[in-house]
Amino acid sequence: MTDLEHYSGRAFERVGEKRRDGGWIAGQLAAAQTRIVPVWQGRNLLNGESAAYLPAGSAWHIIESAPSEPIFLGIDEGGALFALDVSHLSEADAENLTPDGNFDELYGVATQLVRREASLLSHAAWMIHWSKRHRFCGACGHATRSMDAGHMRKCSNEACGIMQFPRTDPAVIMVVEHESRCLLAHQKGWSGKLHSCLAGFVEPGESAEEAVIREVREESGLSVREVRYFATQPWPYPCSLMLGYTAITDDPTIVLDDDELEKAAWFTRDQLRSPDLDIELPRHDSIARRLIDAWIDKG
């Protein structure tokens, strides 16, 4: 398993064909081996450096008091898994759900978790995030109701009936190369000396490759060619799918977009390998770091 699978991988079987079977879902929720994956204020429950779960059989008072229904995630070797929003609890009550448990932002602890747990926790937080933000219909304003075990929300207004599904925002991220140097940039608002690849969201009516060309031009003023696919990675902060690419430019003249980037520069492979490197590279669980490392390894 590669780092690109840190938030994906096969943590469980999604069993999507069972989501509309209300009786089966109810049976799984009532099963003794079923576990609840709680999410509080967007944070995941941990016990040390491991994910913490609630046995469904002893958590019915929490399930019944929650503002929304549990969301079916899937089944692993231990049984069914459901995400549950417990944001209605106080922080103290939430953290007392398990001995020594505490709720943490996944972004700060993901690299400490085994990849299987990072994948599961990100999926749970992702689904809760989407569900909470689509409680009302964007077309008519009526309340929506949860269906398909939490994987679809439908407008309660019969004259409308619009269905909403969990969203994923596609974004491109790319290593741009010129004569054995790659472009890295520091974005406004980033702490320290972090430098990363250029990135941006794919716009409507645009292919991912077109988005690479546009984003590079908008952020750095560079024109690129030979746009080539690298890999993808789900990035749950909060709900992006990162599409990795490489590209080449013939003119190294950088013209910064002052609205987004604070600085950008070209780096050789030797510079990026050096222990005296004066910038900070992206974290190892990110596709940005994998793109950079793969580029370094080519030379």
# chains A, B, ... in the order shown; residues from 1 in each chain; ligands from 1
call {"tool": "closest_atom_pairs", "arguments": {"of": "range 70-111 of chain A", "to": "range 218-239 of chain A", "cutoff": "12 Å", "atoms": "only C-alpha atoms", "output": "tab-separated table"}}
result
residue	atom	partner	partner_atom	distance
A:Glu105	CA	A:Tyr237	CA	10.1
A:Leu106	CA	A:Pro236	CA	8.9
A:Tyr107	CA	A:Tyr237	CA	7.6
A:Gly108	CA	A:Tyr237	CA	11.2
A:Ala110	CA	A:Pro236	CA	10.7
call {"tool": "residues_around", "arguments": {"residues": "Tyr245 in chain A", "least_positions_apart": "3", "cutoff": "12 Å", "atoms": "only C-alpha atoms", "output": "ChimeraX atom specification"}}
result
/A:171-177,197-200,208-213,216,224-233,242,248,287-288,290-292,294-295
call {"tool": "write_last_selection", "arguments": {"atoms": "C-alpha atoms", "output": "short mmCIF file (atom, residue, chain, number, x, y, z; two decimals), in the first residue's frame"}}
result
data_model
loop_
_atom_site.label_atom_id
_atom_site.label_comp_id
_atom_site.auth_asym_id
_atom_site.auth_seq_id
_atom_site.Cartn_x
_atom_site.Cartn_y
_atom_site.Cartn_z
CA ALA A 171 -8.84 19.39 -7.47
CA VAL A 172 -5.65 19.15 -9.51
CA ILE A 173 -2.17 19.25 -8.00
CA MET A 174 0.97 19.24 -10.10
CA VAL A 175 4.73 19.23 -10.20
CA VAL A 176 5.91 21.69 -12.85
CA GLU A 177 9.42 21.06 -14.22
CA CYS A 197 3.03 22.00 -5.49
CA LEU A 198 0.60 24.29 -7.24
CA ALA A 199 -3.02 23.15 -6.92
CA GLY A 200 -6.56 24.27 -7.58
CA ALA A 208 -8.53 17.89 -15.26
CA GLU A 209 -5.74 18.45 -17.81
CA GLU A 210 -7.24 21.81 -18.78
CA ALA A 211 -7.43 22.72 -15.10
CA VAL A 212 -3.70 21.99 -14.71
CA ILE A 213 -2.85 24.35 -17.56
CA VAL A 216 -0.43 26.96 -13.40
CA VAL A 224 2.92 24.22 -19.51
CA ARG A 225 2.89 21.26 -21.89
CA GLU A 226 3.10 17.46 -21.60
CA VAL A 227 0.51 17.32 -18.84
CA ARG A 228 0.66 13.74 -17.57
CA TYR A 229 -1.41 11.89 -15.01
CA PHE A 230 0.33 10.67 -11.84
CA ALA A 231 -2.22 9.36 -9.30
CA THR A 232 -5.26 10.35 -7.23
CA GLN A 233 -5.88 10.65 -3.50
CA MET A 242 -6.79 15.28 -5.47
CA ILE A 248 6.77 20.86 -18.26
CA ILE A 287 -0.11 13.36 -2.68
CA ALA A 288 1.90 16.59 -2.84
CA ARG A 290 4.48 11.79 -3.22
CA LEU A 291 4.62 13.93 -6.37
CA ILE A 292 7.73 15.70 -5.12
CA ALA A 294 8.68 10.75 -7.23
CA TRP A 295 10.16 13.69 -9.16
#
call {"tool": "residues_around", "arguments": {"residues": "range 43-56 of chain A", "least_positions_apart": "3", "cutoff": "6 Å", "atoms": "only C-alpha atoms", "output": "PyMOL selection string"}}
result
chain A and resi 34-37+39-40+59+101-105+113
call {"tool": "write_last_selection", "arguments": {"atoms": "all heavy atoms", "output": "short mmCIF file (atom, residue, chain, number, x, y, z; two decimals), in the first residue's frame"}}
result
data_model
loop_
_atom_site.label_atom_id
_atom_site.label_comp_id
_atom_site.auth_asym_id
_atom_site.auth_seq_id
_atom_site.Cartn_x
_atom_site.Cartn_y
_atom_site.Cartn_z
N THR A 34 -21.76 -4.77 16.07
CA THR A 34 -21.72 -3.50 15.35
C THR A 34 -21.04 -2.42 16.17
O THR A 34 -21.21 -2.32 17.39
CB THR A 34 -23.15 -3.06 14.97
OG1 THR A 34 -23.66 -3.97 13.99
CG2 THR A 34 -23.17 -1.64 14.40
N ARG A 35 -20.25 -1.58 15.49
CA ARG A 35 -19.54 -0.49 16.16
C ARG A 35 -19.95 0.87 15.58
O ARG A 35 -20.20 0.98 14.38
CB ARG A 35 -18.02 -0.66 15.98
CG ARG A 35 -17.42 -1.80 16.80
CD ARG A 35 -16.21 -2.38 16.10
NE ARG A 35 -16.60 -3.03 14.87
CZ ARG A 35 -15.75 -3.23 13.86
NH1 ARG A 35 -14.49 -2.82 13.93
NH2 ARG A 35 -16.16 -3.84 12.76
N ILE A 36 -20.01 1.84 16.47
CA ILE A 36 -20.32 3.21 16.09
C ILE A 36 -19.02 4.00 16.00
O ILE A 36 -18.17 3.93 16.89
CB ILE A 36 -21.26 3.87 17.12
CG1 ILE A 36 -22.57 3.07 17.24
CG2 ILE A 36 -21.52 5.32 16.76
CD1 ILE A 36 -23.39 3.03 15.98
N VAL A 37 -18.86 4.76 14.91
CA VAL A 37 -17.70 5.65 14.74
C VAL A 37 -18.21 7.06 15.01
O VAL A 37 -18.82 7.69 14.14
CB VAL A 37 -17.12 5.54 13.32
CG1 VAL A 37 -15.85 6.39 13.20
CG2 VAL A 37 -16.83 4.09 12.96
N VAL A 39 -18.43 11.12 15.62
CA VAL A 39 -17.79 12.34 15.15
C VAL A 39 -18.37 13.50 15.94
O VAL A 39 -19.59 13.67 15.99
CB VAL A 39 -18.02 12.56 13.64
CG1 VAL A 39 -17.37 13.87 13.19
CG2 VAL A 39 -17.47 11.38 12.83
N TRP A 40 -17.50 14.27 16.61
CA TRP A 40 -17.94 15.40 17.43
C TRP A 40 -17.31 16.68 16.90
O TRP A 40 -16.08 16.79 16.86
CB TRP A 40 -17.55 15.18 18.89
CG TRP A 40 -17.98 16.29 19.80
CD1 TRP A 40 -19.21 16.47 20.36
CD2 TRP A 40 -17.17 17.39 20.25
NE1 TRP A 40 -19.23 17.61 21.12
CE2 TRP A 40 -17.99 18.21 21.08
CE3 TRP A 40 -15.85 17.77 20.03
CZ2 TRP A 40 -17.52 19.36 21.68
CZ3 TRP A 40 -15.38 18.93 20.62
CH2 TRP A 40 -16.21 19.71 21.45
N ALA A 59 -24.69 1.78 23.22
CA ALA A 59 -24.71 3.20 22.85
C ALA A 59 -26.07 3.67 22.37
O ALA A 59 -26.19 4.73 21.76
CB ALA A 59 -23.67 3.45 21.75
N GLY A 101 -10.63 8.27 26.14
CA GLY A 101 -10.88 8.72 24.78
C GLY A 101 -10.80 10.24 24.68
O GLY A 101 -11.03 10.96 25.65
N ASN A 102 -10.45 10.72 23.51
CA ASN A 102 -10.46 12.15 23.26
C ASN A 102 -10.71 12.39 21.78
O ASN A 102 -10.33 11.59 20.92
CB ASN A 102 -9.14 12.81 23.68
CG ASN A 102 -7.96 12.32 22.87
OD1 ASN A 102 -7.50 11.19 23.03
ND2 ASN A 102 -7.47 13.16 21.98
N PHE A 103 -11.37 13.50 21.47
CA PHE A 103 -11.66 13.85 20.09
C PHE A 103 -10.58 14.76 19.54
O PHE A 103 -10.25 15.77 20.16
CB PHE A 103 -13.03 14.53 20.00
CG PHE A 103 -14.19 13.57 20.09
CD1 PHE A 103 -14.74 13.24 21.31
CD2 PHE A 103 -14.71 12.99 18.94
CE1 PHE A 103 -15.80 12.36 21.40
CE2 PHE A 103 -15.77 12.10 19.01
CZ PHE A 103 -16.32 11.78 20.25
N ASP A 104 -10.02 14.38 18.39
CA ASP A 104 -8.95 15.15 17.77
C ASP A 104 -9.28 15.44 16.31
O ASP A 104 -10.02 14.68 15.66
CB ASP A 104 -7.62 14.38 17.81
CG ASP A 104 -6.90 14.54 19.13
OD1 ASP A 104 -6.99 15.62 19.73
OD2 ASP A 104 -6.24 13.57 19.55
N GLU A 105 -8.71 16.54 15.79
CA GLU A 105 -8.78 16.81 14.36
C GLU A 105 -7.97 15.73 13.64
O GLU A 105 -6.80 15.49 13.97
CB GLU A 105 -8.19 18.18 14.06
CG GLU A 105 -8.95 19.35 14.66
CD GLU A 105 -10.16 19.74 13.82
OE1 GLU A 105 -10.36 19.12 12.76
OE2 GLU A 105 -10.89 20.65 14.25
N LEU A 113 -1.72 7.28 12.69
CA LEU A 113 -2.65 6.15 12.63
C LEU A 113 -2.21 5.16 11.56
O LEU A 113 -1.56 5.53 10.58
CB LEU A 113 -4.06 6.64 12.29
CG LEU A 113 -4.71 7.62 13.25
CD1 LEU A 113 -6.01 8.15 12.65
CD2 LEU A 113 -4.99 6.96 14.60
#
call {"tool": "residues_around", "arguments": {"residues": "Thr144 in chain A", "least_positions_apart": "2", "cutoff": "6 Å", "atoms": "only C-alpha atoms", "output": "mmCIF file with N, CA and C atoms, in the first residue's frame"}}
result
data_model
loop_
_atom_site.group_PDB
_atom_site.id
_atom_site.type_symbol
_atom_site.label_atom_id
_atom_site.label_comp_id
_atom_site.auth_asym_id
_atom_site.auth_seq_id
_atom_site.Cartn_x
_atom_site.Cartn_y
_atom_site.Cartn_z
ATOM 1 N N ARG A 135 -28.974 19.624 5.157
ATOM 2 C CA ARG A 135 -30.216 19.345 5.871
ATOM 3 C C ARG A 135 -31.409 20.050 5.250
ATOM 4 N N PHE A 136 -31.135 21.016 4.376
ATOM 5 C CA PHE A 136 -32.208 21.742 3.707
ATOM 6 C C PHE A 136 -31.960 21.751 2.202
ATOM 7 N N ARG A 153 -29.854 12.314 0.539
ATOM 8 C CA ARG A 153 -30.837 13.145 1.227
ATOM 9 C C ARG A 153 -31.832 13.649 0.187
ATOM 10 N N LYS A 154 -33.121 13.539 0.529
ATOM 11 C CA LYS A 154 -34.177 13.908 -0.419
ATOM 12 C C LYS A 154 -35.041 15.009 0.165
ATOM 13 N N CYS A 155 -35.387 15.980 -0.669
ATOM 14 C CA CYS A 155 -36.228 17.089 -0.232
ATOM 15 C C CYS A 155 -37.588 16.559 0.208
ATOM 16 N N SER A 156 -38.054 17.018 1.357
ATOM 17 C CA SER A 156 -39.341 16.558 1.905
ATOM 18 C C SER A 156 -40.536 17.197 1.214
#
call {"tool": "residues_around", "arguments": {"residues": "range 266-271 of chain A", "least_positions_apart": "6", "cutoff": "8 Å", "atoms": "only C-alpha atoms", "output": "PDB file with N, CA and C atoms, in the first residue's frame"}}
result
ATOM      1  N   SER A 180      15.276  20.226 -15.246  1.00  0.00           N
ATOM      2  CA  SER A 180      15.699  19.513 -14.036  1.00  0.00           C
ATOM      3  C   SER A 180      15.516  20.325 -12.756  1.00  0.00           C
ATOM      4  N   ARG A 181      14.559  21.232 -12.774  1.00  0.00           N
ATOM      5  CA  ARG A 181      14.163  21.949 -11.559  1.00  0.00           C
ATOM      6  C   ARG A 181      12.642  21.879 -11.452  1.00  0.00           C
ATOM      7  N   CYS A 182      12.135  21.819 -10.230  1.00  0.00           N
ATOM      8  CA  CYS A 182      10.684  21.803 -10.055  1.00  0.00           C
ATOM      9  C   CYS A 182      10.242  23.040  -9.284  1.00  0.00           C
ATOM     10  N   LEU A 183       9.017  23.445  -9.544  1.00  0.00           N
ATOM     11  CA  LEU A 183       8.463  24.651  -8.949  1.00  0.00           C
ATOM     12  C   LEU A 183       7.710  24.310  -7.668  1.00  0.00           C
ATOM     13  N   LEU A 184       8.072  24.992  -6.582  1.00  0.00           N
ATOM     14  CA  LEU A 184       7.359  24.860  -5.322  1.00  0.00           C
ATOM     15  C   LEU A 184       6.995  26.252  -4.831  1.00  0.00           C
ATOM     16  N   LEU A 277      18.177  21.881   3.531  1.00  0.00           N
ATOM     17  CA  LEU A 277      17.092  22.528   2.793  1.00  0.00           C
ATOM     18  C   LEU A 277      16.390  23.546   3.686  1.00  0.00           C
ATOM     19  N   ILE A 296      11.911  13.705  -7.468  1.00  0.00           N
ATOM     20  CA  ILE A 296      13.301  13.624  -6.985  1.00  0.00           C
ATOM     21  C   ILE A 296      13.928  12.287  -7.389  1.00  0.00           C
ATOM     22  N   GLY A 299      15.673  11.540 -10.889  1.00  0.00           N
ATOM     23  CA  GLY A 299      16.969  12.102 -11.304  1.00  0.00           C
ATOM     24  C   GLY A 299      18.147  11.444 -10.641  1.00  0.00           C
TER      25      GLY A 299
END
call {"tool": "select_by_dssp", "arguments": {"residues": "range 81-120 of chain A", "states": "helix (DSSP H, G or I)", "output": "ChimeraX atom specification"}}
result
/A:91-95,106-112,115-120
call {"tool": "write_last_selection", "arguments": {"atoms": "N, CA and C atoms", "output": "PDB file, in the first residue's frame"}}
result
ATOM      1  N   GLU A  91     -18.389  18.769  25.308  1.00  0.00           N
ATOM      2  CA  GLU A  91     -17.083  18.166  25.054  1.00  0.00           C
ATOM      3  C   GLU A  91     -16.727  17.142  26.126  1.00  0.00           C
ATOM      4  N   ALA A  92     -17.047  17.462  27.359  1.00  0.00           N
ATOM      5  CA  ALA A  92     -16.738  16.538  28.455  1.00  0.00           C
ATOM      6  C   ALA A  92     -17.525  15.239  28.302  1.00  0.00           C
ATOM      7  N   ASP A  93     -18.827  15.352  28.012  1.00  0.00           N
ATOM      8  CA  ASP A  93     -19.654  14.150  27.847  1.00  0.00           C
ATOM      9  C   ASP A  93     -19.207  13.345  26.631  1.00  0.00           C
ATOM     10  N   ALA A  94     -18.811  14.044  25.571  1.00  0.00           N
ATOM     11  CA  ALA A  94     -18.360  13.345  24.364  1.00  0.00           C
ATOM     12  C   ALA A  94     -17.094  12.540  24.645  1.00  0.00           C
ATOM     13  N   GLU A  95     -16.157  13.138  25.349  1.00  0.00           N
ATOM     14  CA  GLU A  95     -14.895  12.441  25.588  1.00  0.00           C
ATOM     15  C   GLU A  95     -15.027  11.362  26.655  1.00  0.00           C
ATOM     16  N   LEU A 106      -8.567  15.098  12.651  1.00  0.00           N
ATOM     17  CA  LEU A 106      -7.874  14.040  11.933  1.00  0.00           C
ATOM     18  C   LEU A 106      -6.599  14.543  11.278  1.00  0.00           C
ATOM     19  N   TYR A 107      -6.604  15.785  10.796  1.00  0.00           N
ATOM     20  CA  TYR A 107      -5.438  16.326  10.094  1.00  0.00           C
ATOM     21  C   TYR A 107      -4.190  16.295  10.972  1.00  0.00           C
ATOM     22  N   GLY A 108      -4.370  16.499  12.275  1.00  0.00           N
ATOM     23  CA  GLY A 108      -3.215  16.559  13.155  1.00  0.00           C
ATOM     24  C   GLY A 108      -2.676  15.207  13.578  1.00  0.00           C
ATOM     25  N   VAL A 109      -3.475  14.142  13.422  1.00  0.00           N
ATOM     26  CA  VAL A 109      -3.060  12.834  13.937  1.00  0.00           C
ATOM     27  C   VAL A 109      -3.034  11.742  12.878  1.00  0.00           C
ATOM     28  N   ALA A 110      -3.441  12.051  11.658  1.00  0.00           N
ATOM     29  CA  ALA A 110      -3.594  11.006  10.640  1.00  0.00           C
ATOM     30  C   ALA A 110      -2.315  10.225  10.396  1.00  0.00           C
ATOM     31  N   THR A 111      -1.174  10.916  10.392  1.00  0.00           N
ATOM     32  CA  THR A 111       0.084  10.224  10.100  1.00  0.00           C
ATOM     33  C   THR A 111       0.505   9.281  11.224  1.00  0.00           C
ATOM     34  N   GLN A 112      -0.110   9.407  12.397  1.00  0.00           N
ATOM     35  CA  GLN A 112       0.197   8.519  13.514  1.00  0.00           C
ATOM     36  C   GLN A 112      -0.658   7.255  13.484  1.00  0.00           C
ATOM     37  N   ARG A 115      -2.978   3.119   8.319  1.00  0.00           N
ATOM     38  CA  ARG A 115      -3.715   3.665   7.181  1.00  0.00           C
ATOM     39  C   ARG A 115      -5.171   3.207   7.159  1.00  0.00           C
ATOM     40  N   ARG A 116      -5.404   1.987   7.590  1.00  0.00           N
ATOM     41  CA  ARG A 116      -6.766   1.465   7.606  1.00  0.00           C
ATOM     42  C   ARG A 116      -7.665   2.339   8.475  1.00  0.00           C
ATOM     43  N   GLU A 117      -7.160   2.766   9.640  1.00  0.00           N
ATOM     44  CA  GLU A 117      -7.960   3.586  10.537  1.00  0.00           C
ATOM     45  C   GLU A 117      -8.099   5.010  10.013  1.00  0.00           C
ATOM     46  N   ALA A 118      -7.055   5.532   9.401  1.00  0.00           N
ATOM     47  CA  ALA A 118      -7.154   6.866   8.805  1.00  0.00           C
ATOM     48  C   ALA A 118      -8.224   6.878   7.730  1.00  0.00           C
ATOM     49  N   SER A 119      -8.286   5.813   6.941  1.00  0.00           N
ATOM     50  CA  SER A 119      -9.293   5.709   5.890  1.00  0.00           C
ATOM     51  C   SER A 119     -10.701   5.671   6.479  1.00  0.00           C
ATOM     52  N   LEU A 120     -10.896   4.849   7.501  1.00  0.00           N
ATOM     53  CA  LEU A 120     -12.216   4.724   8.123  1.00  0.00           C
ATOM     54  C   LEU A 120     -12.653   6.027   8.776  1.00  0.00           C
TER      55      LEU A 120
END
call {"tool": "residues_around", "arguments": {"residues": "Glu179 in chain A", "least_positions_apart": "5", "cutoff": "9 Å", "atoms": "only C-alpha atoms", "output": "PDB file with all heavy atoms, in the first residue's frame"}}
result
ATOM      1  N   ILE A 248       5.494  20.242 -17.904  1.00  0.00           N
ATOM      2  CA  ILE A 248       6.770  20.862 -18.258  1.00  0.00           C
ATOM      3  C   ILE A 248       6.519  22.267 -18.790  1.00  0.00           C
ATOM      4  O   ILE A 248       5.541  22.510 -19.513  1.00  0.00           O
ATOM      5  CB  ILE A 248       7.507  20.017 -19.317  1.00  0.00           C
ATOM      6  CG1 ILE A 248       7.928  18.675 -18.716  1.00  0.00           C
ATOM      7  CG2 ILE A 248       8.741  20.752 -19.853  1.00  0.00           C
ATOM      8  CD1 ILE A 248       8.526  17.714 -19.713  1.00  0.00           C
ATOM      9  N   THR A 249       7.391  23.200 -18.433  1.00  0.00           N
ATOM     10  CA  THR A 249       7.343  24.538 -18.997  1.00  0.00           C
ATOM     11  C   THR A 249       8.655  24.850 -19.700  1.00  0.00           C
ATOM     12  O   THR A 249       9.723  24.374 -19.285  1.00  0.00           O
ATOM     13  CB  THR A 249       7.051  25.600 -17.915  1.00  0.00           C
ATOM     14  OG1 THR A 249       6.912  26.884 -18.536  1.00  0.00           O
ATOM     15  CG2 THR A 249       8.173  25.671 -16.891  1.00  0.00           C
ATOM     16  N   ASP A 250       8.576  25.641 -20.756  1.00  0.00           N
ATOM     17  CA  ASP A 250       9.780  26.025 -21.497  1.00  0.00           C
ATOM     18  C   ASP A 250      10.334  27.375 -21.048  1.00  0.00           C
ATOM     19  O   ASP A 250      11.471  27.723 -21.381  1.00  0.00           O
ATOM     20  CB  ASP A 250       9.467  26.086 -22.999  1.00  0.00           C
ATOM     21  CG  ASP A 250       9.083  24.719 -23.550  1.00  0.00           C
ATOM     22  OD1 ASP A 250       9.759  23.732 -23.192  1.00  0.00           O
ATOM     23  OD2 ASP A 250       8.101  24.626 -24.312  1.00  0.00           O
ATOM     24  N   PRO A 252      10.967  29.670 -17.623  1.00  0.00           N
ATOM     25  CA  PRO A 252      10.941  29.615 -16.156  1.00  0.00           C
ATOM     26  C   PRO A 252      10.542  30.922 -15.481  1.00  0.00           C
ATOM     27  O   PRO A 252      10.577  31.008 -14.249  1.00  0.00           O
ATOM     28  CB  PRO A 252      12.388  29.270 -15.820  1.00  0.00           C
ATOM     29  CG  PRO A 252      13.175  29.951 -16.896  1.00  0.00           C
ATOM     30  CD  PRO A 252      12.341  29.835 -18.148  1.00  0.00           C
TER      31      PRO A 252
END
call {"tool": "select_by_dssp", "arguments": {"residues": "range 36-245 of chain A", "states": "strand (DSSP E)", "output": "PyMOL selection string"}}
result
chain A and resi 36-40+43-47+50-51+54-55+71-76+79-85+102-104+144-147+152-155+163-164+169-178+181-187+198-201+224-235+240-245
call {"tool": "atom_distance", "arguments": {"atom1": "CA of Gly16 in chain A", "atom2": "CA of Gln41 in chain A"}}
result
26.5 Å
call {"tool": "atom_distance", "arguments": {"atom1": "CA of Gly57 in chain A", "atom2": "CA of Ile75 in chain A"}}
result
16.4 Å
call {"tool": "closest_residue", "arguments": {"among": "A:Phe201, A:Trp24, A:Phe12, A:Trp190", "to": "Leu81 in chain A", "atoms": "only C-alpha atoms"}}
result
A:Phe12
call {"tool": "residues_around", "arguments": {"residues": "range 278-280 of chain A", "least_positions_apart": "3", "cutoff": "12 Å", "atoms": "only C-alpha atoms", "output": "PyMOL selection string"}}
result
chain A and resi 184-186+190-196+263-265+267+271-275+283-284+289
call {"tool": "write_last_selection", "arguments": {"atoms": "N, CA, C and O atoms", "output": "mmCIF file, in the first residue's frame"}}
result
data_model
loop_
_atom_site.group_PDB
_atom_site.id
_atom_site.type_symbol
_atom_site.label_atom_id
_atom_site.label_comp_id
_atom_site.auth_asym_id
_atom_site.auth_seq_id
_atom_site.Cartn_x
_atom_site.Cartn_y
_atom_site.Cartn_z
ATOM 1 N N LEU A 184 8.072 24.992 -6.582
ATOM 2 C CA LEU A 184 7.359 24.860 -5.322
ATOM 3 C C LEU A 184 6.995 26.252 -4.831
ATOM 4 O O LEU A 184 7.729 27.214 -5.057
ATOM 5 N N ALA A 185 5.847 26.346 -4.137
ATOM 6 C CA ALA A 185 5.356 27.671 -3.745
ATOM 7 C C ALA A 185 4.861 27.652 -2.310
ATOM 8 O O ALA A 185 4.469 26.614 -1.763
ATOM 9 N N HIS A 186 4.889 28.835 -1.712
ATOM 10 C CA HIS A 186 4.370 29.048 -0.354
ATOM 11 C C HIS A 186 3.112 29.908 -0.472
ATOM 12 O O HIS A 186 3.155 31.026 -0.969
ATOM 13 N N TRP A 190 -0.177 30.032 5.017
ATOM 14 C CA TRP A 190 0.519 28.851 5.497
ATOM 15 C C TRP A 190 1.535 29.254 6.561
ATOM 16 O O TRP A 190 2.171 30.303 6.466
ATOM 17 N N SER A 191 1.698 28.391 7.529
ATOM 18 C CA SER A 191 2.660 28.670 8.601
ATOM 19 C C SER A 191 4.066 28.247 8.187
ATOM 20 O O SER A 191 4.251 27.418 7.282
ATOM 21 N N GLY A 192 5.054 28.807 8.874
ATOM 22 C CA GLY A 192 6.429 28.394 8.673
ATOM 23 C C GLY A 192 6.925 28.576 7.258
ATOM 24 O O GLY A 192 6.544 29.509 6.550
ATOM 25 N N LYS A 193 7.767 27.617 6.825
ATOM 26 C CA LYS A 193 8.382 27.690 5.505
ATOM 27 C C LYS A 193 7.849 26.611 4.566
ATOM 28 O O LYS A 193 8.534 26.181 3.634
ATOM 29 N N LEU A 194 6.623 26.173 4.808
ATOM 30 C CA LEU A 194 6.038 25.120 3.983
ATOM 31 C C LEU A 194 5.958 25.549 2.519
ATOM 32 O O LEU A 194 5.447 26.616 2.197
ATOM 33 N N HIS A 195 6.485 24.717 1.635
ATOM 34 C CA HIS A 195 6.379 24.899 0.191
ATOM 35 C C HIS A 195 5.784 23.624 -0.401
ATOM 36 O O HIS A 195 6.137 22.515 0.009
ATOM 37 N N SER A 196 4.901 23.791 -1.368
ATOM 38 C CA SER A 196 4.255 22.631 -1.962
ATOM 39 C C SER A 196 4.031 22.859 -3.447
ATOM 40 O O SER A 196 4.441 23.883 -4.020
ATOM 41 N N LYS A 263 5.177 33.350 -2.258
ATOM 42 C CA LYS A 263 6.474 33.189 -2.933
ATOM 43 C C LYS A 263 6.477 31.876 -3.706
ATOM 44 O O LYS A 263 5.707 30.953 -3.415
ATOM 45 N N ALA A 264 7.327 31.787 -4.686
ATOM 46 C CA ALA A 264 7.516 30.559 -5.465
ATOM 47 C C ALA A 264 8.936 30.559 -5.995
ATOM 48 O O ALA A 264 9.506 31.620 -6.270
ATOM 49 N N ALA A 265 9.515 29.372 -6.135
ATOM 50 C CA ALA A 265 10.905 29.282 -6.585
ATOM 51 C C ALA A 265 11.153 27.916 -7.216
ATOM 52 O O ALA A 265 10.401 26.959 -6.999
ATOM 53 N N PHE A 267 13.571 24.576 -7.641
ATOM 54 C CA PHE A 267 14.467 23.790 -6.786
ATOM 55 C C PHE A 267 15.017 22.620 -7.587
ATOM 56 O O PHE A 267 14.285 21.937 -8.317
ATOM 57 N N GLN A 271 19.062 20.122 -4.166
ATOM 58 C CA GLN A 271 18.581 21.019 -3.114
ATOM 59 C C GLN A 271 17.527 20.326 -2.249
ATOM 60 O O GLN A 271 17.545 20.431 -1.012
ATOM 61 N N LEU A 272 16.595 19.631 -2.897
ATOM 62 C CA LEU A 272 15.502 19.009 -2.156
ATOM 63 C C LEU A 272 15.973 17.790 -1.363
ATOM 64 O O LEU A 272 15.337 17.413 -0.374
ATOM 65 N N ARG A 273 17.081 17.184 -1.773
ATOM 66 C CA ARG A 273 17.646 16.055 -1.023
ATOM 67 C C ARG A 273 18.490 16.531 0.166
ATOM 68 O O ARG A 273 18.748 15.775 1.094
ATOM 69 N N SER A 274 18.938 17.745 0.132
ATOM 70 C CA SER A 274 19.906 18.241 1.110
ATOM 71 C C SER A 274 19.306 18.330 2.514
ATOM 72 O O SER A 274 18.185 18.811 2.692
ATOM 73 N N PRO A 275 20.048 17.882 3.536
ATOM 74 C CA PRO A 275 19.586 18.056 4.923
ATOM 75 C C PRO A 275 19.551 19.517 5.341
ATOM 76 O O PRO A 275 18.947 19.861 6.352
ATOM 77 N N ARG A 283 3.623 17.115 4.175
ATOM 78 C CA ARG A 283 3.601 15.922 5.023
ATOM 79 C C ARG A 283 3.564 14.657 4.168
ATOM 80 O O ARG A 283 3.096 14.661 3.032
ATOM 81 N N HIS A 284 4.015 13.558 4.757
ATOM 82 C CA HIS A 284 4.224 12.328 3.992
ATOM 83 C C HIS A 284 2.925 11.633 3.593
ATOM 84 O O HIS A 284 2.952 10.764 2.706
ATOM 85 N N ARG A 289 3.470 15.424 -1.414
ATOM 86 C CA ARG A 289 4.793 14.891 -1.069
ATOM 87 C C ARG A 289 5.165 13.729 -1.982
ATOM 88 O O ARG A 289 6.327 13.581 -2.391
#
call {"tool": "closest_residue", "arguments": {"among": "A:Ala31, A:Ala124, A:Val15, A:Ile162", "to": "Gly78 in chain A", "atoms": "only C-alpha atoms"}}
result
A:Ala31
call {"tool": "atom_distance", "arguments": {"atom1": "CA of Leu241 in chain A", "atom2": "CA of Thr168 in chain A"}}
result
6.3 Å
call {"tool": "closest_residue", "arguments": {"among": "A:Pro67, A:Gly150, A:Gly74, A:Gly138", "to": "Arg20 in chain A", "atoms": "only C-alpha atoms"}}
result
A:Gly150
